[in-house]
Amino acid sequence: MVWSGRLALGALRAPGLGTWPGWLRGSGPTVLRRLRGAAVVRPGFLSSAEEETLKQELEPELRRRRYEYDHWDAAIHGFRETEKSHWSEASQAILQRVRAAAFPPALAQLPMVHVLDLHQNGYIKPHVDSIKFCGGIIAGLSLLSPSVMRLVDTQDPQEWLELLLEPGSLYILRGPARYDFSHQILRDEESFFGEHRVPRGRRISVICRSLPEGEPGPPSK
Ligand code: OGA
Ligand code: MN
């Protein structure tokens, strides 16, 4: 049996996807309990104007790059990416909202924001972000296409949680969701949330991370 984590709001209408019971579903009540507050989805975090702002800023930069497929052992297939530190004022305000929602004020964050553009046939294989490059919190915005992120317990593959990531949503991974579970973005052929098909098109994610532990934070003034 599959257990859904229902939001307090109950069933909400997701454009184009019908009515969904929630944005999280897992292998059982234990995993939902373990990851409560550790794997979080905030649907509709971005307004459509904010989505448009980010898309318009990112598209010219991404278009200059080619999608990469050739690293057979790499975690990500069919992608192009950039690390961005300079943003328009409008985008900075959006990123500030993400940071305020995801990170405690005193936690040092990576100054560069990771922008990942997955081709319609691109996908992310299960992995745990390296502790060399990423601290305890990962926060990602999704643009353009809905997708399913699956978390699997690295010690027990029977324990899993799925996140439905619609365009404009924010997800946050921390604690056990960051360290004890791998995460992946399902390829189009496997992109289901329960029995609901989630057709995968091109997807852009904008990811903020905290600084690896033990790294000095940015110099304070
Ligand atoms: C990554 C990753 C998830 C996403 O780049 O390590 O897991 O939302 N990305 O694109
Ligand atoms: Mn990752």
# chains A, B, ... in the order shown; residues from 1 in each chain; ligands from 1

call {"tool": "residues_near_ligand", "arguments": {"ligand": "ligand 2", "cutoff": "7 Å", "atoms": "only C-alpha atoms and all ligand atoms", "output": "mmCIF file with N, CA, C and O atoms, in the first residue's frame"}}
result
data_model
loop_
_atom_site.group_PDB
_atom_site.id
_atom_site.type_symbol
_atom_site.label_atom_id
_atom_site.label_comp_id
_atom_site.auth_asym_id
_atom_site.auth_seq_id
_atom_site.Cartn_x
_atom_site.Cartn_y
_atom_site.Cartn_z
ATOM 1 N N HIS A 127 21.310 9.822 -6.482
ATOM 2 C CA HIS A 127 22.604 10.223 -5.943
ATOM 3 C C HIS A 127 22.364 10.993 -4.648
ATOM 4 O O HIS A 127 21.257 11.466 -4.397
ATOM 5 N N VAL A 128 23.413 11.110 -3.863
ATOM 6 C CA VAL A 128 23.397 11.987 -2.692
ATOM 7 C C VAL A 128 24.402 13.089 -3.007
ATOM 8 O O VAL A 128 25.538 12.793 -3.397
ATOM 9 N N ASP A 129 24.024 14.350 -2.863
ATOM 10 C CA ASP A 129 24.959 15.427 -3.195
ATOM 11 C C ASP A 129 26.220 15.296 -2.338
ATOM 12 O O ASP A 129 26.153 15.025 -1.136
ATOM 13 N N HIS A 183 18.367 11.089 -4.078
ATOM 14 C CA HIS A 183 17.275 11.721 -4.813
ATOM 15 C C HIS A 183 17.528 11.588 -6.303
ATOM 16 O O HIS A 183 18.666 11.471 -6.749
#

call {"tool": "residues_around", "arguments": {"residues": "Pro126 in chain A", "least_positions_apart": "6", "cutoff": "10 Å", "atoms": "only C-alpha atoms", "output": "list in words"}}
result
Ala75, Ile76, Met149, Arg150, Leu151, Val152, Thr154, Phe181, Ser182, His183, Gln184, Ile185 and Leu186 of chain A

call {"tool": "closest_atom_pairs", "arguments": {"of": "chain A", "to": "ligand 1", "cutoff": "6 Å", "atoms": "only C-alpha atoms and all ligand atoms", "output": "Markdown table"}}
result
| residue | atom | partner | partner_atom_place_in_ligand_line | distance |
| --- | --- | --- | --- | --- |
| A:Leu116 | CA | ligand 1 | 10 (O) | 5.8 |
| A:Asp129 | CA | ligand 1 | 6 (O) | 5.6 |
| A:Gly140 | CA | ligand 1 | 8 (O) | 5.5 |
| A:Ser205 | CA | ligand 1 | 10 (O) | 4.8 |

call {"tool": "closest_residue", "arguments": {"among": "A:Cys208, A:Ala139, A:Leu107, A:Leu165", "to": "Ser85 in chain A", "atoms": "only C-alpha atoms"}}
result
A:Cys208

call {"tool": "atom_distance", "arguments": {"atom1": "CA of Ile94 in chain A", "atom2": "CA of Tyr67 in chain A"}}
result
26.4 Å

call {"tool": "closest_residue", "arguments": {"among": "A:Ser27, A:Gln96, A:Gln56, A:Gln109", "to": "Ile138 in chain A", "atoms": "only C-alpha atoms"}}
result
A:Gln109

call {"tool": "select_by_dssp", "arguments": {"residues": "range 108-160 of chain A", "states": "strand (DSSP E or B)", "output": "JSON, numbers by chain"}}
result
{"A": [109, 113, 114, 115, 116, 117, 118, 119, 120, 121, 122, 123, 124, 125, 126, 127, 137, 138, 139, 140, 141, 142, 143, 147, 148, 149, 150, 151, 152, 153, 160]}

call {"tool": "select_by_dssp", "arguments": {"residues": "range 81-213 of chain A", "states": "helix (DSSP H, G or I)", "output": "VMD selection string"}}
result
chain A and resid 89 to 102 176 to 179 188 to 190

call {"tool": "residues_around", "arguments": {"residues": "Glu89 in chain A", "least_positions_apart": "6", "cutoff": "12 Å", "atoms": "only C-alpha atoms", "output": "PyMOL selection string"}}
result
chain A and resi 50+53-54+57+95-96

call {"tool": "atom_distance", "arguments": {"atom1": "CA of His86 in chain A", "atom2": "CA of Val115 in chain A"}}
result
12.3 Å

call {"tool": "residues_around", "arguments": {"residues": "Arg65 in chain A", "least_positions_apart": "4", "cutoff": "12 Å", "atoms": "only C-alpha atoms", "output": "PyMOL selection string"}}
result
chain A and resi 58-61+78-82+116-117

call {"tool": "residues_around", "arguments": {"residues": "Leu173 in chain A", "least_positions_apart": "5", "cutoff": "8 Å", "atoms": "only C-alpha atoms", "output": "PyMOL selection string"}}
result
chain A and resi 38-40+137-139+178

call {"tool": "write_last_selection", "arguments": {"atoms": "N, CA and C atoms", "output": "mmCIF file, in the first residue's frame"}}
result
data_model
loop_
_atom_site.group_PDB
_atom_site.id
_atom_site.type_symbol
_atom_site.label_atom_id
_atom_site.label_comp_id
_atom_site.auth_asym_id
_atom_site.auth_seq_id
_atom_site.Cartn_x
_atom_site.Cartn_y
_atom_site.Cartn_z
ATOM 1 N N ALA A 38 11.625 17.336 6.661
ATOM 2 C CA ALA A 38 12.958 17.157 6.065
ATOM 3 C C ALA A 38 12.881 17.184 4.544
ATOM 4 N N ALA A 39 11.786 16.682 3.986
ATOM 5 C CA ALA A 39 11.517 16.787 2.541
ATOM 6 C C ALA A 39 10.207 17.553 2.422
ATOM 7 N N VAL A 40 10.303 18.746 1.870
ATOM 8 C CA VAL A 40 9.153 19.659 1.869
ATOM 9 C C VAL A 40 8.884 20.121 0.441
ATOM 10 N N ILE A 137 21.502 21.646 3.580
ATOM 11 C CA ILE A 137 20.193 22.036 3.044
ATOM 12 C C ILE A 137 20.279 22.312 1.548
ATOM 13 N N ILE A 138 19.332 21.753 0.813
ATOM 14 C CA ILE A 138 19.200 21.949 -0.630
ATOM 15 C C ILE A 138 17.799 22.500 -0.887
ATOM 16 N N ALA A 139 17.715 23.599 -1.628
ATOM 17 C CA ALA A 139 16.399 24.187 -1.909
ATOM 18 C C ALA A 139 16.305 24.453 -3.400
ATOM 19 N N ARG A 178 18.334 14.803 3.089
ATOM 20 C CA ARG A 178 19.563 15.237 2.428
ATOM 21 C C ARG A 178 20.645 14.162 2.502
#

call {"tool": "closest_residue", "arguments": {"among": "A:Leu62, A:Leu35, A:Ile207, A:Cys134", "to": "His119 in chain A", "atoms": "only C-alpha atoms"}}
result
A:Leu62

call {"tool": "decode", "arguments": {"residues": "range 40-64 of chain A", "atoms": "N, CA and C atoms", "output": "short mmCIF file (atom, residue, chain, number, x, y, z; two decimals), in the first residue's frame"}}
result
data_model
loop_
_atom_site.label_atom_id
_atom_site.label_comp_id
_atom_site.auth_asym_id
_atom_site.auth_seq_id
_atom_site.Cartn_x
_atom_site.Cartn_y
_atom_site.Cartn_z
N VAL A 40 10.30 18.75 1.87
CA VAL A 40 9.15 19.66 1.87
C VAL A 40 8.88 20.12 0.44
N VAL A 41 7.63 20.16 0.05
CA VAL A 41 7.26 20.76 -1.24
C VAL A 41 6.33 21.93 -0.96
N ARG A 42 6.62 23.05 -1.60
CA ARG A 42 5.71 24.20 -1.52
C ARG A 42 5.22 24.55 -2.91
N PRO A 43 4.08 23.94 -3.29
CA PRO A 43 3.54 24.22 -4.62
C PRO A 43 3.15 25.68 -4.73
N GLY A 44 3.28 26.23 -5.91
CA GLY A 44 2.88 27.62 -6.13
C GLY A 44 3.71 28.61 -5.35
N PHE A 45 4.95 28.25 -5.03
CA PHE A 45 5.81 29.20 -4.31
C PHE A 45 6.05 30.45 -5.15
N LEU A 46 6.23 30.25 -6.46
CA LEU A 46 6.44 31.38 -7.36
C LEU A 46 5.12 31.83 -7.97
N SER A 47 4.95 33.12 -8.11
CA SER A 47 3.83 33.64 -8.90
C SER A 47 4.18 33.44 -10.37
N SER A 48 3.19 33.53 -11.26
CA SER A 48 3.54 33.35 -12.68
C SER A 48 4.46 34.46 -13.16
N ALA A 49 4.33 35.66 -12.58
CA ALA A 49 5.24 36.75 -12.97
C ALA A 49 6.68 36.41 -12.54
N GLU A 50 6.82 35.81 -11.37
CA GLU A 50 8.17 35.44 -10.91
C GLU A 50 8.77 34.33 -11.78
N GLU A 51 7.94 33.36 -12.14
CA GLU A 51 8.41 32.30 -13.04
C GLU A 51 8.92 32.91 -14.34
N GLU A 52 8.14 33.83 -14.86
CA GLU A 52 8.48 34.48 -16.13
C GLU A 52 9.80 35.25 -16.01
N THR A 53 9.97 35.95 -14.89
CA THR A 53 11.21 36.71 -14.64
C THR A 53 12.43 35.78 -14.70
N LEU A 54 12.34 34.66 -14.01
CA LEU A 54 13.48 33.73 -13.98
C LEU A 54 13.73 33.13 -15.36
N LYS A 55 12.66 32.68 -16.00
CA LYS A 55 12.80 32.07 -17.33
C LYS A 55 13.47 33.03 -18.29
N GLN A 56 13.00 34.27 -18.29
CA GLN A 56 13.55 35.23 -19.26
C GLN A 56 14.99 35.57 -18.97
N GLU A 57 15.35 35.55 -17.72
CA GLU A 57 16.76 35.83 -17.39
C GLU A 57 17.65 34.64 -17.76
N LEU A 58 17.13 33.43 -17.59
CA LEU A 58 17.98 32.25 -17.77
C LEU A 58 18.10 31.80 -19.22
N GLU A 59 17.02 31.98 -19.97
CA GLU A 59 16.99 31.40 -21.32
C GLU A 59 18.17 31.80 -22.21
N PRO A 60 18.52 33.10 -22.30
CA PRO A 60 19.63 33.46 -23.19
C PRO A 60 20.94 32.81 -22.77
N GLU A 61 21.16 32.68 -21.46
CA GLU A 61 22.42 32.06 -21.00
C GLU A 61 22.44 30.57 -21.28
N LEU A 62 21.29 29.93 -21.08
CA LEU A 62 21.25 28.48 -21.27
C LEU A 62 21.35 28.13 -22.75
N ARG A 63 20.71 28.95 -23.57
CA ARG A 63 20.66 28.65 -25.01
C ARG A 63 22.05 28.61 -25.64
N ARG A 64 22.98 29.31 -25.04
CA ARG A 64 24.35 29.30 -25.58
C ARG A 64 25.05 27.96 -25.38
#
